[in-house]
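The file entry08.txt contains compact mmCIF, C-alpha atoms:
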```txt
# COMPACT_ATOMS: atom_id res chain seq x y z
CA MET A 1 91.48 56.35 109.24
CA SER A 2 89.00 57.95 111.58
CA ARG A 3 89.04 60.63 114.23
CA ASN A 4 89.75 58.11 116.99
CA ASP A 5 92.86 56.87 115.20
CA VAL A 6 94.48 60.29 115.04
CA LEU A 7 93.07 62.35 117.90
CA VAL A 8 92.84 61.81 121.66
CA THR A 9 90.86 63.85 124.16
CA ALA A 10 92.37 65.58 127.17
CA ASP A 11 90.43 63.09 129.33
CA TRP A 12 92.02 60.17 127.53
CA ALA A 13 95.43 61.76 127.88
CA GLN A 14 95.03 62.32 131.60
CA GLU A 15 93.92 58.71 132.08
CA ASN A 16 96.94 57.46 130.16
CA LEU A 17 99.71 59.50 131.75
CA GLY A 18 102.64 57.23 132.43
CA ALA A 19 101.18 54.33 130.43
CA ALA A 20 103.77 52.03 128.88
CA GLY A 21 104.28 52.57 125.16
CA ILE A 22 102.77 56.06 125.11
CA VAL A 23 105.01 59.12 124.91
CA PHE A 24 103.56 62.59 125.32
CA VAL A 25 105.46 65.25 123.37
CA GLU A 26 104.92 68.98 123.77
CA VAL A 27 105.81 70.98 120.65
CA ASP A 28 106.15 74.71 120.99
CA GLU A 29 107.70 77.61 119.20
CA ASP A 30 107.98 79.39 122.54
CA ALA A 31 109.92 76.73 124.43
CA SER A 32 109.50 78.57 127.72
CA ALA A 33 105.89 77.35 127.81
CA TYR A 34 107.07 73.80 128.47
CA ASP A 35 109.53 74.93 131.10
CA GLY A 36 106.77 76.76 132.95
CA GLY A 37 104.80 73.55 133.30
CA HIS A 38 104.01 70.61 131.04
CA ILE A 39 101.95 67.46 131.06
CA GLU A 40 103.57 65.05 133.47
CA GLY A 41 106.12 62.87 131.71
CA ALA A 42 105.96 64.79 128.44
CA VAL A 43 109.18 65.48 126.56
CA LYS A 44 109.78 68.74 124.72
CA LEU A 45 110.38 69.40 121.05
CA ASP A 46 111.37 72.94 120.20
CA TRP A 47 109.90 73.74 116.79
CA LYS A 48 112.84 75.84 115.78
CA LYS A 49 115.85 74.36 117.56
CA ASP A 50 114.89 70.72 117.18
CA LEU A 51 112.82 70.53 114.02
CA GLN A 52 114.48 73.02 111.67
CA ASP A 53 117.78 72.50 109.92
CA PRO A 54 120.22 74.89 111.61
CA LEU A 55 121.69 76.09 108.32
CA ARG A 56 119.34 75.69 105.36
CA ARG A 57 115.64 76.46 105.34
CA ASP A 58 114.36 72.90 105.55
CA TYR A 59 113.28 70.30 108.02
CA ILE A 60 116.02 68.15 109.53
CA ASP A 61 117.16 65.15 107.52
CA LYS A 62 116.52 61.50 108.28
CA SER A 63 119.64 60.87 110.33
CA ALA A 64 119.10 64.04 112.37
CA PHE A 65 115.48 63.02 113.01
CA GLU A 66 116.68 59.59 114.13
CA ALA A 67 119.20 61.16 116.49
CA LEU A 68 116.61 63.58 117.85
CA LEU A 69 113.99 60.94 118.61
CA SER A 70 116.60 58.57 120.02
CA SER A 71 117.80 61.28 122.39
CA LYS A 72 114.23 61.99 123.49
CA GLY A 73 113.70 58.32 124.33
CA ILE A 74 111.09 57.69 121.66
CA SER A 75 110.95 54.20 120.10
CA ASN A 76 109.56 53.18 116.75
CA ASP A 77 106.88 51.16 118.58
CA ASP A 78 105.74 53.98 120.85
CA THR A 79 102.45 55.78 120.39
CA VAL A 80 103.39 59.44 120.23
CA VAL A 81 100.78 61.89 121.52
CA LEU A 82 101.56 65.45 120.42
CA TYR A 83 100.20 68.63 121.95
CA GLY A 84 101.32 72.24 122.20
CA GLY A 85 100.48 75.92 122.31
CA ASN A 86 99.07 78.13 119.55
CA ASN A 87 95.99 75.94 119.20
CA ASN A 88 98.21 72.96 118.34
CA TRP A 89 99.75 74.61 115.26
CA PHE A 90 103.23 73.34 115.99
CA ALA A 91 101.99 70.01 117.31
CA ALA A 92 100.16 69.57 114.00
CA TYR A 93 103.36 70.47 112.17
CA ALA A 94 105.19 67.82 114.20
CA TYR A 95 102.42 65.33 113.42
CA TRP A 96 102.94 65.93 109.70
CA TYR A 97 106.69 65.63 110.30
CA PHE A 98 106.34 62.27 112.12
CA LYS A 99 104.25 61.11 109.14
CA ILE A 100 106.92 62.33 106.71
CA TYR A 101 109.40 60.04 108.45
CA GLY A 102 106.94 57.17 108.68
CA HIS A 103 106.19 56.92 112.40
CA GLN A 104 103.46 54.30 112.77
CA SER A 105 101.40 55.53 115.69
CA VAL A 106 101.07 59.27 116.21
CA LYS A 107 98.12 61.25 117.52
CA LEU A 108 97.24 64.81 118.43
CA MET A 109 95.72 65.75 121.77
CA ASP A 110 92.58 67.71 120.94
CA GLY A 111 92.78 71.30 122.14
CA GLY A 112 96.47 71.15 123.03
CA ARG A 113 97.85 73.16 125.93
CA LYS A 114 94.99 75.63 125.86
CA LYS A 115 92.24 73.13 126.49
CA TRP A 116 94.38 71.45 129.15
CA GLU A 117 95.01 74.77 130.92
CA LEU A 118 91.45 76.04 130.62
CA ASP A 119 90.25 72.78 132.15
CA GLY A 120 92.58 73.41 135.09
CA ARG A 121 94.36 70.10 134.60
CA PRO A 122 97.70 69.57 136.38
CA LEU A 123 101.03 70.69 134.93
CA SER A 124 104.45 69.55 136.13
CA LYS A 125 107.81 71.29 136.22
CA ASP A 126 109.70 68.06 136.85
CA THR A 127 112.57 67.29 134.52
CA VAL A 128 111.66 64.40 132.24
CA GLU A 129 114.37 61.84 131.50
CA ARG A 130 113.74 58.92 129.21
CA PRO A 131 116.41 56.36 128.34
CA ALA A 132 117.83 56.86 124.87
CA THR A 133 116.59 54.62 122.06
CA GLN A 134 117.80 53.55 118.64
CA TYR A 135 115.13 55.22 116.54
CA ARG A 136 115.01 54.37 112.84
CA ALA A 137 113.17 56.72 110.50
CA GLY A 138 111.80 55.90 107.06
CA GLU A 139 112.68 57.74 103.89
CA PRO A 140 110.76 61.03 103.69
CA ASP A 141 107.24 60.55 102.34
CA LEU A 142 107.04 63.37 99.82
CA SER A 143 103.45 62.52 98.91
CA ILE A 144 102.36 64.89 101.69
CA ARG A 145 104.87 67.70 101.04
CA ALA A 146 104.56 70.27 98.26
CA PHE A 147 107.40 72.35 96.84
CA ARG A 148 107.22 75.73 95.14
CA ASP A 149 107.13 74.53 91.54
CA GLU A 150 104.16 72.31 92.34
CA VAL A 151 102.37 75.29 93.79
CA VAL A 152 102.90 77.39 90.68
CA ALA A 153 101.75 74.46 88.54
CA ALA A 154 98.68 74.04 90.73
CA ILE A 155 97.33 77.52 89.98
CA GLY A 156 93.88 77.06 88.50
CA THR A 157 94.11 73.27 88.54
CA LYS A 158 94.28 72.02 92.14
CA ASN A 159 92.65 73.13 95.37
CA LEU A 160 95.03 75.73 96.73
CA VAL A 161 93.93 76.38 100.29
CA ASP A 162 95.36 79.49 101.92
CA VAL A 163 94.71 79.01 105.63
CA ARG A 164 95.97 82.40 106.83
CA SER A 165 93.67 85.03 108.26
CA PRO A 166 91.63 87.10 105.77
CA ASP A 167 93.85 90.13 106.38
CA GLU A 168 96.98 88.15 105.50
CA PHE A 169 95.22 86.67 102.46
CA SER A 170 94.26 90.13 101.22
CA GLY A 171 97.73 91.49 101.92
CA LYS A 172 96.65 93.94 104.61
CA ILE A 173 99.08 92.35 107.05
CA LEU A 174 102.07 90.07 106.40
CA ALA A 175 102.12 87.90 109.50
CA PRO A 176 99.83 86.81 112.30
CA ALA A 177 99.24 89.84 114.45
CA HIS A 178 101.18 88.68 117.47
CA LEU A 179 104.36 89.20 115.43
CA PRO A 180 106.01 92.37 114.17
CA GLN A 181 104.97 92.86 110.56
CA GLU A 182 107.93 91.86 108.43
CA GLN A 183 108.37 93.37 105.00
CA SER A 184 110.56 90.79 103.33
CA GLN A 185 107.82 89.34 101.18
CA ARG A 186 105.25 90.78 98.82
CA PRO A 187 101.78 90.75 100.37
CA GLY A 188 98.97 88.78 98.76
CA HIS A 189 98.16 85.19 97.89
CA VAL A 190 98.67 82.55 95.21
CA PRO A 191 96.21 83.16 92.33
CA SER A 192 93.15 80.86 92.46
CA ALA A 193 93.71 80.04 96.13
CA ILE A 194 90.66 79.86 98.35
CA ASN A 195 90.94 81.40 101.79
CA ILE A 196 89.74 79.00 104.47
CA PRO A 197 91.45 80.16 107.65
CA TRP A 198 92.71 77.35 109.89
CA SER A 199 90.73 78.94 112.73
CA LYS A 200 87.43 78.03 111.10
CA ALA A 201 88.28 74.38 111.77
CA ALA A 202 88.71 74.93 115.50
CA ASN A 203 86.57 75.84 118.45
CA GLU A 204 87.58 78.66 120.75
CA ASP A 205 89.15 76.24 123.23
CA GLY A 206 91.43 74.90 120.48
CA THR A 207 89.59 71.61 119.90
CA PHE A 208 88.66 70.60 116.38
CA LYS A 209 85.12 71.06 115.20
CA SER A 210 83.06 67.92 114.52
CA ASP A 211 83.55 65.95 111.31
CA GLU A 212 80.12 67.11 110.13
CA GLN A 213 80.96 70.78 110.74
CA LEU A 214 84.32 70.40 109.04
CA ALA A 215 82.91 68.64 105.99
CA ALA A 216 80.32 71.42 105.62
CA LEU A 217 82.95 74.14 106.05
CA TYR A 218 85.15 73.03 103.16
CA ALA A 219 82.19 72.24 100.90
CA GLU A 220 80.74 75.72 101.47
CA GLN A 221 84.04 77.40 100.71
CA GLY A 222 84.41 75.80 97.30
CA PHE A 223 86.75 72.92 98.07
CA ASP A 224 86.56 70.50 95.14
CA ASP A 225 86.80 66.85 96.23
CA SER A 226 87.70 65.75 92.71
CA LYS A 227 90.96 67.71 92.77
CA GLU A 228 94.29 67.28 94.51
CA THR A 229 95.03 69.78 97.24
CA ILE A 230 97.88 71.94 98.51
CA ALA A 231 97.52 73.84 101.78
CA TYR A 232 99.79 76.72 102.74
CA CYS A 233 100.08 79.53 105.28
CA ARG A 234 103.10 81.67 106.14
CA ILE A 235 105.65 79.10 107.32
CA GLY A 236 103.73 75.84 107.11
CA GLU A 237 102.54 75.22 110.65
CA ARG A 238 98.97 76.51 110.40
CA SER A 239 98.66 74.68 107.09
CA SER A 240 99.76 71.51 108.89
CA HIS A 241 96.71 72.04 111.10
CA THR A 242 94.52 72.19 107.99
CA TRP A 243 96.41 69.30 106.35
CA PHE A 244 95.55 67.28 109.47
CA VAL A 245 91.88 68.23 109.17
CA LEU A 246 91.64 67.46 105.46
CA GLN A 247 93.64 64.23 105.28
CA GLU A 248 93.50 62.74 108.76
CA LEU A 249 90.06 63.79 110.02
CA LEU A 250 88.09 64.06 106.78
CA GLY A 251 90.01 61.39 104.87
CA LYS A 252 90.52 63.48 101.74
CA LYS A 253 93.04 62.10 99.24
CA ASN A 254 96.19 63.66 97.82
CA VAL A 255 96.57 66.54 100.25
CA LYS A 256 99.98 68.16 100.55
CA ASN A 257 101.35 70.73 102.95
CA TYR A 258 103.47 73.46 101.34
CA ASP A 259 105.82 74.22 104.21
CA GLY A 260 107.72 76.80 102.19
CA SER A 261 104.45 78.72 102.29
CA TRP A 262 104.13 82.49 101.91
CA VAL A 263 107.58 83.30 103.29
CA GLU A 264 108.96 81.46 100.27
CA TYR A 265 106.27 82.12 97.65
CA GLY A 266 106.00 85.82 98.46
CA SER A 267 109.74 86.17 97.91
CA LEU A 268 109.97 84.31 94.58
CA VAL A 269 110.92 86.32 91.52
CA GLY A 270 108.48 86.27 88.65
CA VAL A 271 105.63 84.20 90.09
CA PRO A 272 102.07 85.49 89.87
CA ILE A 273 100.48 87.02 92.96
CA GLU A 274 96.93 88.17 93.61
CA LYS A 275 95.80 90.69 96.19
CA MET B 1 107.78 82.25 113.32
CA CYS B 2 104.10 82.18 114.07
CA ALA B 3 104.16 81.59 117.78
CA ALA B 4 103.80 84.19 120.43
CA PRO B 5 106.90 86.08 121.45
CA LYS B 6 107.23 86.49 125.16
CA GLN B 7 104.64 88.97 126.36
CA GLY B 8 105.89 91.45 128.88
CA ASN B 9 106.83 94.92 129.79
CA THR B 10 109.88 95.09 127.55
CA THR B 11 110.47 98.22 125.53
CA ILE B 12 109.82 97.85 121.83
CA ASP B 13 110.49 100.03 118.85
CA VAL B 14 107.01 100.80 117.61
CA GLY B 15 108.28 102.47 114.44
CA ASN B 16 105.55 102.40 111.82
CA GLN B 17 103.86 99.39 113.43
CA THR B 18 100.33 99.45 114.79
CA VAL B 19 100.74 97.99 118.23
CA ILE B 20 97.76 97.00 120.35
CA GLN B 21 98.73 96.16 123.89
CA GLY B 22 97.28 96.11 127.36
CA GLN B 23 96.26 93.92 130.24
CA VAL B 24 93.51 91.48 131.11
CA TRP B 25 91.85 92.21 134.46
CA HIS B 26 89.43 90.28 136.62
CA ASP B 27 88.20 91.11 140.09
CA GLY B 28 90.61 94.02 140.52
CA ALA B 29 93.77 92.16 139.48
CA PRO B 30 95.60 91.33 136.25
CA VAL B 31 95.07 87.81 134.92
CA ALA B 32 98.20 85.83 134.06
CA GLY B 33 97.97 83.01 131.55
CA ALA B 34 94.77 84.27 129.94
CA TYR B 35 94.29 83.61 126.23
CA VAL B 36 93.69 86.79 124.24
CA ARG B 37 92.71 86.66 120.60
CA LEU B 38 92.59 89.49 118.11
CA LEU B 39 89.61 89.39 115.76
CA ASP B 40 89.32 91.46 112.60
CA SER B 41 86.34 93.60 111.59
CA THR B 42 84.52 90.46 110.39
CA ASP B 43 85.15 88.67 113.71
CA GLU B 44 87.70 86.37 112.09
CA PHE B 45 90.68 85.16 114.12
CA THR B 46 93.89 87.07 113.44
CA ALA B 47 96.16 86.08 116.31
CA GLU B 48 96.21 84.78 119.85
CA VAL B 49 98.65 85.21 122.73
CA VAL B 50 98.86 84.18 126.36
CA THR B 51 99.18 86.96 128.93
CA SER B 52 102.38 87.44 130.90
CA PRO B 53 102.59 87.03 134.69
CA GLU B 54 101.49 90.68 134.83
CA GLY B 55 98.47 89.98 132.64
CA GLU B 56 99.93 91.74 129.60
CA PHE B 57 99.37 91.08 125.92
CA ARG B 58 100.65 92.69 122.72
CA PHE B 59 99.68 92.51 119.04
CA PHE B 60 101.11 93.99 115.86
CA ALA B 61 98.17 94.81 113.63
CA ALA B 62 97.17 97.49 111.14
CA PRO B 63 95.11 100.66 111.53
CA GLY B 64 91.40 99.94 111.86
CA GLN B 65 88.84 98.39 114.14
CA TRP B 66 89.71 95.22 116.03
CA LYS B 67 88.12 93.12 118.70
CA LEU B 68 90.01 91.63 121.62
CA ARG B 69 88.50 88.57 123.24
CA SER B 70 89.94 86.99 126.32
CA LEU B 71 89.38 83.42 127.45
CA ALA B 72 90.60 82.30 130.86
CA GLN B 73 89.64 79.86 133.57
CA VAL B 74 87.84 82.73 135.34
CA GLY B 75 85.69 83.61 132.32
CA LYS B 76 85.53 85.62 129.10
CA GLY B 77 85.90 89.31 128.29
CA GLU B 78 85.69 91.42 125.14
CA ARG B 79 86.76 94.88 124.02
CA VAL B 80 86.54 96.66 120.65
CA ILE B 81 89.35 99.05 119.80
CA ASP B 82 90.02 101.51 116.96
CA ALA B 83 93.74 101.34 116.37
CA ASP B 84 96.01 103.88 114.72
CA THR B 85 99.64 103.60 113.69
CA GLY B 86 101.73 103.66 116.85
CA LEU B 87 100.93 102.40 120.30
CA ASN B 88 97.31 101.64 121.23
CA GLU B 89 96.74 100.64 124.83
CA THR B 90 93.63 99.06 126.28
CA THR B 91 92.31 96.83 129.04
CA VAL B 92 90.13 93.77 128.65
CA VAL B 93 87.97 93.10 131.68
CA ILE B 94 86.60 89.69 132.54
CA ASP B 95 83.48 90.23 134.66
```
Show how you would write the structure in this file as structure tokens.
Amino acid sequence: MSRNDVLVTADWAQENLGAAGIVFVEVDEDASAYDGGHIEGAVKLDWKKDLQDPLRRDYIDKSAFEALLSSKGISNDDTVVLYGGNNNWFAAYAYWYFKIYGHQSVKLMDGGRKKWELDGRPLSKDTVERPATQYRAGEPDLSIRAFRDEVVAAIGTKNLVDVRSPDEFSGKILAPAHLPQEQSQRPGHVPSAINIPWSKAANEDGTFKSDEQLAALYAEQGFDDSKETIAYCRIGERSSHTWFVLQELLGKKNVKNYDGSWVEYGSLVGVPIEK
Amino acid sequence: MCAAPKQGNTTIDVGNQTVIQGQVWHDGAPVAGAYVRLLDSTDEFTAEVVTSPEGEFRFFAAPGQWKLRSLAQVGKGERVIDADTGLNETTVVID
């Protein structure tokens, strides 16, 4: 696995618009972004409406994922190129999700919507219709997903990487600062976690830093290559960004994303917290 | 949810929140679709939003010093602000 297998540039994307066997997918939390203009031919996935179970706190199950991708006109053989807002946080979450369900060929577009917009590349408001498919998902690959008990057991033994901002890590704020500060969880972080904010892995235009810069970043911050790793944030989308960096770009082994993240951990009764 | 709520001129209940809001301007006009990031006192990323059609942005932070940095097709701008509990309004100018 190398950078070219998992990441495409905006130039590559623009050259491959409309190419057979390639489906561009915009993934946003704010779905109005897509409606205001998207990459030509791209279909939309709404992080909340499409990718979250409507009742329980969980991702959608295998049959729902199959129905979703079938309705979007995505085939098992297609190369899926994901991009989105928020510096690709939700696109990275969807990437992890496509891997959970075993999609063979999935890539992120480096820099996401931001890079595309800052470059002044064209956006379309045309409705995108793709003929429905018969998508078949694999059984969920839980080797890349961590649950709460694993996180508690990992204290002091695995790399616990808290990718939130330093102020969230220290408990000064409870959510990224574009959101009202909720008070449902206790502020702080999992004991023994190292704070390597997701943003340190990205350039200002949303593209990923070079492999050399990324390798140096994690080494400097005390990441131990001999240990297994769990990344977390608040709801699991920024930690998907870091999961992508660690496992897909840097090729580190045994990296899991804890999508329960601080919203779950900070609400658990009786677990240790550090501030 | 970690994504940006819709930025705009809607009324909000500030309550005990520390709200930092304002507009991005360039060449005598507000800039729509500009990226604005909020950096903490160590210059670390805290959040980022995209300005509304009226060039507006809004953050929910904590009392203290913050830096706003805007990135748009027309250029970059920066502004440091000392925020208190309540509403803190400012303008970021892109020269």
### CA of Ser199 (chain A) to CA of Phe244 (chain A), distance in Å rounded to a single decimal
13.0 Å
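Across the structure, CA of Ala94 (chain A) and CA of Ala31 (chain A) are spaced 14.4 Å apart.
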### Message
Under the rule that only C-alpha atoms are counted, which of B:Pro63, B:Gly22, B:Gly75, B:Gly15 is the nearest residue to Glu89 (chain B)?
### Response
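Nearest to Glu89 (chain B): B:Gly22.
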### Query
Which residues of chain B are close to chain A, meaning at most 10 Å apart when you count all atoms listed in the file, and how do they look as an MDAnalysis selection string?
chainID B and resid 1:7 14 16:20 33:35 37:42 44:50 57:63 71:75
Let me see the file: selected residues, C-alpha atoms, as a compact mmCIF listing (two decimals), keeping the file's coordinate frame.
```
# COMPACT_ATOMS: atom_id res chain seq x y z
CA MET B 1 107.78 82.25 113.32
CA CYS B 2 104.10 82.18 114.07
CA ALA B 3 104.16 81.59 117.78
CA ALA B 4 103.80 84.19 120.43
CA PRO B 5 106.90 86.08 121.45
CA LYS B 6 107.23 86.49 125.16
CA GLN B 7 104.64 88.97 126.36
CA VAL B 14 107.01 100.80 117.61
CA ASN B 16 105.55 102.40 111.82
CA GLN B 17 103.86 99.39 113.43
CA THR B 18 100.33 99.45 114.79
CA VAL B 19 100.74 97.99 118.23
CA ILE B 20 97.76 97.00 120.35
CA GLY B 33 97.97 83.01 131.55
CA ALA B 34 94.77 84.27 129.94
CA TYR B 35 94.29 83.61 126.23
CA ARG B 37 92.71 86.66 120.60
CA LEU B 38 92.59 89.49 118.11
CA LEU B 39 89.61 89.39 115.76
CA ASP B 40 89.32 91.46 112.60
CA SER B 41 86.34 93.60 111.59
CA THR B 42 84.52 90.46 110.39
CA GLU B 44 87.70 86.37 112.09
CA PHE B 45 90.68 85.16 114.12
CA THR B 46 93.89 87.07 113.44
CA ALA B 47 96.16 86.08 116.31
CA GLU B 48 96.21 84.78 119.85
CA VAL B 49 98.65 85.21 122.73
CA VAL B 50 98.86 84.18 126.36
CA PHE B 57 99.37 91.08 125.92
CA ARG B 58 100.65 92.69 122.72
CA PHE B 59 99.68 92.51 119.04
CA PHE B 60 101.11 93.99 115.86
CA ALA B 61 98.17 94.81 113.63
CA ALA B 62 97.17 97.49 111.14
CA PRO B 63 95.11 100.66 111.53
CA LEU B 71 89.38 83.42 127.45
CA ALA B 72 90.60 82.30 130.86
CA GLN B 73 89.64 79.86 133.57
CA VAL B 74 87.84 82.73 135.34
CA GLY B 75 85.69 83.61 132.32
```
### Message
Measuring between only C-alpha atoms, which one of A:Gly260, A:Ser192, A:Leu123, A:Glu15 shows the shortest distance to Pro272 (chain A)?
### Response
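Smallest distance to Pro272 (chain A) is found for A:Ser192.
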### Message
What's around Leu250 (chain A) at 9 Å? Count only C-alpha atoms, leave out sequence neighbours fewer than 2 positions away in its own chain, and write the answer as a PyMOL selection string.
### Response
chain A and resi 1-3+211+214-215+244-248+252
Output as lines of an AutoDock Vina configuration file the centre and edge lengths (Å, one decimal) of the box along x, y and z of the file that holds every listed atom of region 20-23 of chain B after adding 3 Å on each side.
```
center_x = 97.5
center_y = 95.5
center_z = 125.3
size_x = 8.5
size_y = 9.1
size_z = 15.9
```
### Shell of 6 Å around region 38-41 of chain A, all atoms listed in the file, local chain residues under 2 positions omitted, as a PyMOL selection string
chain A and resi 34+123-124+128
### Task
Tell me which protein, DNA and RNA residues are within 9 Å of Asn88 (chain A), counting all atoms listed in the file, leaving out same-chain ones fewer than 4 positions away, and put them as JSON, numbers by chain.
{"A": [27, 28, 82, 83, 84, 92, 93, 108, 109, 110, 111, 112, 113, 114, 206, 207, 238, 241]}
Emit the selected residues as a compact mmCIF listing (two decimals), keeping the file's coordinate frame, including C-alpha atoms.
```txt
# COMPACT_ATOMS: atom_id res chain seq x y z
CA VAL A 27 105.81 70.98 120.65
CA ASP A 28 106.15 74.71 120.99
CA LEU A 82 101.56 65.45 120.42
CA TYR A 83 100.20 68.63 121.95
CA GLY A 84 101.32 72.24 122.20
CA ALA A 92 100.16 69.57 114.00
CA TYR A 93 103.36 70.47 112.17
CA LEU A 108 97.24 64.81 118.43
CA MET A 109 95.72 65.75 121.77
CA ASP A 110 92.58 67.71 120.94
CA GLY A 111 92.78 71.30 122.14
CA GLY A 112 96.47 71.15 123.03
CA ARG A 113 97.85 73.16 125.93
CA LYS A 114 94.99 75.63 125.86
CA GLY A 206 91.43 74.90 120.48
CA THR A 207 89.59 71.61 119.90
CA ARG A 238 98.97 76.51 110.40
CA HIS A 241 96.71 72.04 111.10
```
### Query
Got a sec: who's within 12 Å of Ala29 (chain B), counting only C-alpha atoms, leaving out chain neighbours fewer than 3 positions off, as a PyMOL selection string?
chain B and resi 23-26+32+53-56+74+91-95
Output of the above residues as a PDB file, in the coordinates of the input, restricted to C-alpha atoms:
```pdb
ATOM      1  CA  GLN B  23      96.260  93.920 130.240  1.00  0.00           C
ATOM      2  CA  VAL B  24      93.510  91.480 131.110  1.00  0.00           C
ATOM      3  CA  TRP B  25      91.850  92.210 134.460  1.00  0.00           C
ATOM      4  CA  HIS B  26      89.430  90.280 136.620  1.00  0.00           C
ATOM      5  CA  ALA B  32      98.200  85.830 134.060  1.00  0.00           C
ATOM      6  CA  PRO B  53     102.590  87.030 134.690  1.00  0.00           C
ATOM      7  CA  GLU B  54     101.490  90.680 134.830  1.00  0.00           C
ATOM      8  CA  GLY B  55      98.470  89.980 132.640  1.00  0.00           C
ATOM      9  CA  GLU B  56      99.930  91.740 129.600  1.00  0.00           C
ATOM     10  CA  VAL B  74      87.840  82.730 135.340  1.00  0.00           C
ATOM     11  CA  THR B  91      92.310  96.830 129.040  1.00  0.00           C
ATOM     12  CA  VAL B  92      90.130  93.770 128.650  1.00  0.00           C
ATOM     13  CA  VAL B  93      87.970  93.100 131.680  1.00  0.00           C
ATOM     14  CA  ILE B  94      86.600  89.690 132.540  1.00  0.00           C
ATOM     15  CA  ASP B  95      83.480  90.230 134.660  1.00  0.00           C
TER      16      ASP B  95
END
```
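CA of Asp13 (chain B) lies 20.0 Å from CA of Thr51 (chain B).
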### Task
Excluding His189 (chain A) and any residue of its chain fewer than 2 positions from it, enumerate the residues within 9 Å of it, using all atoms listed in the file, and give them as a ChimeraX atom specification.
/A:162,168-171,187,191-193,262,265-266,272-275
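Across A:Leu160, A:Val6, A:Ala202, A:Gly36, the tightest approach to Gly222 (chain A) is made by A:Leu160 when counting all atoms listed in the file.
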#### Entry: Using only C-alpha atoms: which of A:Asp224, A:Asp126, A:Glu150, A:Asp46 has the shortest distance to Val25 (chain A)
A:Asp46
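Of the residues listed (A:Asn159, A:Gln104, A:Gln221, A:Asn203), A:Asn159 shows the shortest atom-to-atom separation from Asn257 (chain A); distances use all atoms listed in the file.
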### Task
Would you be able to write out as a PyMOL selection string which residues have an atom within 6 Å of (87.9, 88.4, 122.2) in the file's coordinates, counting all atoms listed in the file?
chain B and resi 37+67-70+78
